[in-house]
Amino acid sequence: MAKRLTIHRDNNPIYDIVIKNSFEDMKDEFVRLNLQGRKICIVSDSVVAPLYLDTVKNSLAEVSDCITEYVFEAGEKNKNLNIVKSLYEFLIINKFERRDILVALGGGVVGDLTGFTAATYLRGIDFIQVPTTLLAQVDSSIGGKTGVDFDSYKNMVGAFYMPRLVYINISTLNTLDERIFNSGFGEIIKHAYIKDSEYLDYIKNNTVNIMSRQPGCLEEIIYKSCVIKGNVVEKDPTEKGDRMLLNFGHTLGHAIEKLSGFTLYHGECVVLGMICALYISKKRGSITDAEYESAIRLFKDFNYPMTVSGIKVNEVVDVSKNDKKMSAGKIRFVLLNAVGDAYIDYDVSEGEMLESLQEVIR
């Protein structure tokens, strides 16, 4: 069981995404990239490290005789400049040079923080993404977006910086609880809605296999989503055009995530944001009532929270205006022309947003 695809920029290969079912072949990927004999710092968090750190260290022992680890407390609250500073100090004390390597072993928080550190330490050193959550495997590890939160502002400080490799071991998904797994699946559903209606049909027809984490099915959906995201970031590596389509569900979803105090997972908030975007698309006549209701059924099948309480609709709109998705004073919104065909809209009114939010806020 193995799949591979290559991400290009200006028609030149930049890095591969490798999908495997173990960590055994990671050393071979280091050899293929001629990365032997370098210092390696594995960056992980307090949840992932006890599960996989020793296995990854043992796998890489044949390609490096100096492997260290930096482990920080898990959680979005620790994706900040204080942890980056601490990691800088660790690398300096351990005499990491520009030729050395960081390995991001964990979910999106670990990958984003490690990538930003790699982009800025000594003006840039190599790093490798080893995503262990579904969300990170199909979304945050691909495309070179790195960054940390600044005070209460999510991903406000960052850089576009490409990894040398994305190594996906799908067996790590077996240790995720259902809620975290489903949170990641929200991004997969997003990929289908913005780019591929046939992929959406595949998801609907394989819901049971997906929820039972059947390996062949997982490999297929991860590969399909990596292809979709890879194609988008190849066309628009620095988010000036097509890549903005990946923000489907994020405009209001990010605001809900912040106002919930991060008690809801990212993918859960994206689903709530997608419901709003689908509602506006329906009201504008781009999708049918039946297509909207089909989406609601799919979200319910994966046990997503369909509503959120304790926040106000006007607060969500106000917070969305402080998001980095603003452009020339207007909120950048992703809507559907049709299922599988998304577009960027700059004219979604405040009234439309408030009405759509009535669907998810109680």
# chains A, B, ... in the order shown; residues from 1 in each chain; ligands from 1

$ select_by_dssp --residues "range 17-230 of chain A" --states "helix (DSSP H, G or I)" --output "VMD selection string"
chain A and resid 26 to 32 49 to 60 76 to 78 81 to 93 108 to 123 134 to 140 170 to 175 178 to 195 197 to 205 207 to 211 215 to 230

$ write_last_selection --atoms "C-alpha atoms" --output "mmCIF file, in the first residue's frame"
data_model
loop_
_atom_site.group_PDB
_atom_site.id
_atom_site.type_symbol
_atom_site.label_atom_id
_atom_site.label_comp_id
_atom_site.auth_asym_id
_atom_site.auth_seq_id
_atom_site.Cartn_x
_atom_site.Cartn_y
_atom_site.Cartn_z
ATOM 1 C CA MET A 26 10.993 7.061 5.933
ATOM 2 C CA LYS A 27 14.738 6.477 5.987
ATOM 3 C CA ASP A 28 14.612 5.555 2.304
ATOM 4 C CA GLU A 29 12.985 8.904 1.530
ATOM 5 C CA PHE A 30 15.839 10.686 3.330
ATOM 6 C CA VAL A 31 18.331 8.775 1.195
ATOM 7 C CA ARG A 32 16.395 9.572 -1.977
ATOM 8 C CA ALA A 49 5.347 12.106 20.996
ATOM 9 C CA PRO A 50 4.486 9.198 23.333
ATOM 10 C CA LEU A 51 2.834 7.394 20.409
ATOM 11 C CA TYR A 52 5.310 7.772 17.556
ATOM 12 C CA LEU A 53 8.493 9.626 18.539
ATOM 13 C CA ASP A 54 10.589 6.541 19.345
ATOM 14 C CA THR A 55 9.399 4.745 16.197
ATOM 15 C CA VAL A 56 10.376 7.677 13.982
ATOM 16 C CA LYS A 57 13.733 8.089 15.747
ATOM 17 C CA ASN A 58 14.497 4.403 15.238
ATOM 18 C CA SER A 59 13.512 4.608 11.591
ATOM 19 C CA LEU A 60 15.862 7.546 10.994
ATOM 20 C CA GLU A 76 -3.766 25.476 19.715
ATOM 21 C CA LYS A 77 -2.995 27.773 22.654
ATOM 22 C CA ASN A 78 0.677 26.806 22.285
ATOM 23 C CA LEU A 81 5.781 32.994 19.235
ATOM 24 C CA ASN A 82 6.824 31.987 22.761
ATOM 25 C CA ILE A 83 7.104 28.335 21.690
ATOM 26 C CA VAL A 84 8.918 29.393 18.508
ATOM 27 C CA LYS A 85 11.390 31.357 20.632
ATOM 28 C CA SER A 86 11.951 28.337 22.864
ATOM 29 C CA LEU A 87 12.538 26.147 19.804
ATOM 30 C CA TYR A 88 15.004 28.698 18.391
ATOM 31 C CA GLU A 89 16.948 28.508 21.659
ATOM 32 C CA PHE A 90 16.931 24.716 21.569
ATOM 33 C CA LEU A 91 18.317 24.706 18.022
ATOM 34 C CA ILE A 92 20.983 27.279 18.855
ATOM 35 C CA ILE A 93 22.121 25.397 21.974
ATOM 36 C CA GLY A 108 -1.581 20.971 12.134
ATOM 37 C CA VAL A 109 -0.328 22.905 15.157
ATOM 38 C CA VAL A 110 2.998 21.048 15.091
ATOM 39 C CA GLY A 111 3.327 21.333 11.324
ATOM 40 C CA ASP A 112 2.501 25.043 11.180
ATOM 41 C CA LEU A 113 4.827 25.941 14.047
ATOM 42 C CA THR A 114 7.708 23.767 12.831
ATOM 43 C CA GLY A 115 7.389 25.088 9.295
ATOM 44 C CA PHE A 116 7.452 28.697 10.492
ATOM 45 C CA THR A 117 10.500 27.978 12.640
ATOM 46 C CA ALA A 118 12.224 26.328 9.670
ATOM 47 C CA ALA A 119 11.381 29.303 7.441
ATOM 48 C CA THR A 120 12.918 31.812 9.849
ATOM 49 C CA TYR A 121 15.758 30.003 11.659
ATOM 50 C CA LEU A 122 19.035 30.986 9.964
ATOM 51 C CA ARG A 123 16.854 32.450 7.181
ATOM 52 C CA LEU A 134 -6.402 13.495 9.009
ATOM 53 C CA LEU A 135 -6.739 17.284 8.976
ATOM 54 C CA ALA A 136 -2.993 17.736 8.645
ATOM 55 C CA GLN A 137 -2.597 14.927 6.103
ATOM 56 C CA VAL A 138 -5.061 16.364 3.592
ATOM 57 C CA ASP A 139 -4.748 20.067 4.306
ATOM 58 C CA SER A 140 -2.259 21.892 6.497
ATOM 59 C CA ILE A 170 -2.240 6.482 7.395
ATOM 60 C CA SER A 171 -1.982 3.981 10.249
ATOM 61 C CA THR A 172 -1.613 6.949 12.627
ATOM 62 C CA LEU A 173 -5.304 7.642 12.027
ATOM 63 C CA ASN A 174 -6.182 4.550 14.061
ATOM 64 C CA THR A 175 -5.194 6.343 17.276
ATOM 65 C CA GLU A 178 -13.855 9.829 16.446
ATOM 66 C CA ARG A 179 -14.311 13.562 16.952
ATOM 67 C CA ILE A 180 -10.774 14.472 15.853
ATOM 68 C CA PHE A 181 -10.971 12.086 12.889
ATOM 69 C CA ASN A 182 -14.270 13.601 11.775
ATOM 70 C CA SER A 183 -12.893 17.095 12.238
ATOM 71 C CA GLY A 184 -10.233 16.313 9.654
ATOM 72 C CA PHE A 185 -12.833 14.849 7.369
ATOM 73 C CA GLY A 186 -14.514 18.248 7.216
ATOM 74 C CA GLU A 187 -11.664 19.460 5.004
ATOM 75 C CA ILE A 188 -12.070 16.425 2.743
ATOM 76 C CA ILE A 189 -15.746 17.220 2.252
ATOM 77 C CA LYS A 190 -14.708 20.799 1.505
ATOM 78 C CA HIS A 191 -12.358 19.617 -1.260
ATOM 79 C CA ALA A 192 -15.185 17.717 -2.912
ATOM 80 C CA TYR A 193 -17.622 20.635 -2.760
ATOM 81 C CA ILE A 194 -15.217 23.134 -4.285
ATOM 82 C CA LYS A 195 -13.615 20.967 -6.969
ATOM 83 C CA SER A 197 -18.730 16.437 -7.492
ATOM 84 C CA GLU A 198 -17.783 12.834 -8.389
ATOM 85 C CA TYR A 199 -15.481 12.754 -5.373
ATOM 86 C CA LEU A 200 -18.418 13.926 -3.266
ATOM 87 C CA ASP A 201 -20.470 11.016 -4.598
ATOM 88 C CA TYR A 202 -17.634 8.627 -3.668
ATOM 89 C CA ILE A 203 -17.672 9.997 -0.113
ATOM 90 C CA LYS A 204 -21.445 9.622 0.188
ATOM 91 C CA ASN A 205 -21.283 6.049 -1.137
ATOM 92 C CA THR A 207 -19.508 6.658 4.477
ATOM 93 C CA VAL A 208 -19.532 3.368 6.405
ATOM 94 C CA ASN A 209 -16.070 2.347 5.155
ATOM 95 C CA ILE A 210 -14.700 5.788 5.946
ATOM 96 C CA MET A 211 -16.084 5.851 9.459
ATOM 97 C CA PRO A 215 -7.360 1.271 5.002
ATOM 98 C CA GLY A 216 -7.950 1.062 1.260
ATOM 99 C CA CYS A 217 -10.727 3.616 1.456
ATOM 100 C CA LEU A 218 -8.643 5.943 3.616
ATOM 101 C CA GLU A 219 -5.741 5.717 1.188
ATOM 102 C CA GLU A 220 -8.061 6.617 -1.688
ATOM 103 C CA ILE A 221 -9.663 9.649 -0.064
ATOM 104 C CA ILE A 222 -6.362 10.968 1.276
ATOM 105 C CA TYR A 223 -4.804 10.617 -2.155
ATOM 106 C CA LYS A 224 -7.761 12.298 -3.895
ATOM 107 C CA SER A 225 -7.739 15.202 -1.451
ATOM 108 C CA CYS A 226 -3.960 15.604 -1.747
ATOM 109 C CA VAL A 227 -4.342 15.736 -5.534
ATOM 110 C CA ILE A 228 -7.019 18.433 -5.261
ATOM 111 C CA LYS A 229 -5.085 20.568 -2.810
ATOM 112 C CA GLY A 230 -1.833 19.939 -4.680
#

$ closest_residue --among "A:Ala74, A:Ile168, A:Val317, A:Ile17" --to "Lys258 in chain A" --atoms "only C-alpha atoms"
A:Val317

$ closest_residue --among "A:Phe302, A:Tyr153, A:Phe127, A:Phe160" --to "Glu239 in chain A" --atoms "only C-alpha atoms"
A:Phe160

$ select_by_dssp --residues "range 27-95 of chain A" --states "strand (DSSP E)" --output "MDAnalysis selection string"
chainID A and resid 40:45 67:72

$ atom_distance --atom1 "CA of Phe23 in chain A" --atom2 "CA of Ile67 in chain A"
15.9 Å

$ atom_distance --atom1 "CA of Glu315 in chain A" --atom2 "CA of Tyr292 in chain A"
25.1 Å

$ closest_residue --among "A:Asp151, A:Glu359, A:Asp341, A:Glu62" --to "Thr307 in chain A" --atoms "only C-alpha atoms"
A:Glu359

$ atom_distance --atom1 "CA of Gly124 in chain A" --atom2 "CA of Glu73 in chain A"
24.5 Å

$ closest_residue --among "A:Met274, A:Ile142, A:Leu165, A:Val148" --to "Leu102 in chain A" --atoms "only C-alpha atoms"
A:Leu165

$ closest_residue --among "A:Val334, A:Ala342, A:Val71, A:Cys276" --to "Val47 in chain A" --atoms "only C-alpha atoms"
A:Val71

$ residues_around --residues "Asn169 in chain A" --least-positions-apart "3" --cutoff "8 Å" --atoms "only C-alpha atoms" --output "ChimeraX atom specification"
/A:19-23,130-132,172

$ closest_residue --among "A:Ile14, A:Val271, A:Val360, A:Ile101" --to "Cys41 in chain A" --atoms "only C-alpha atoms"
A:Ile101

$ residues_around --residues "Ile256 in chain A" --least-positions-apart "6" --cutoff "12 Å" --atoms "only C-alpha atoms" --output "ChimeraX atom specification"
/A:154,249-250,262-274,276,307-320,323,357,360-361
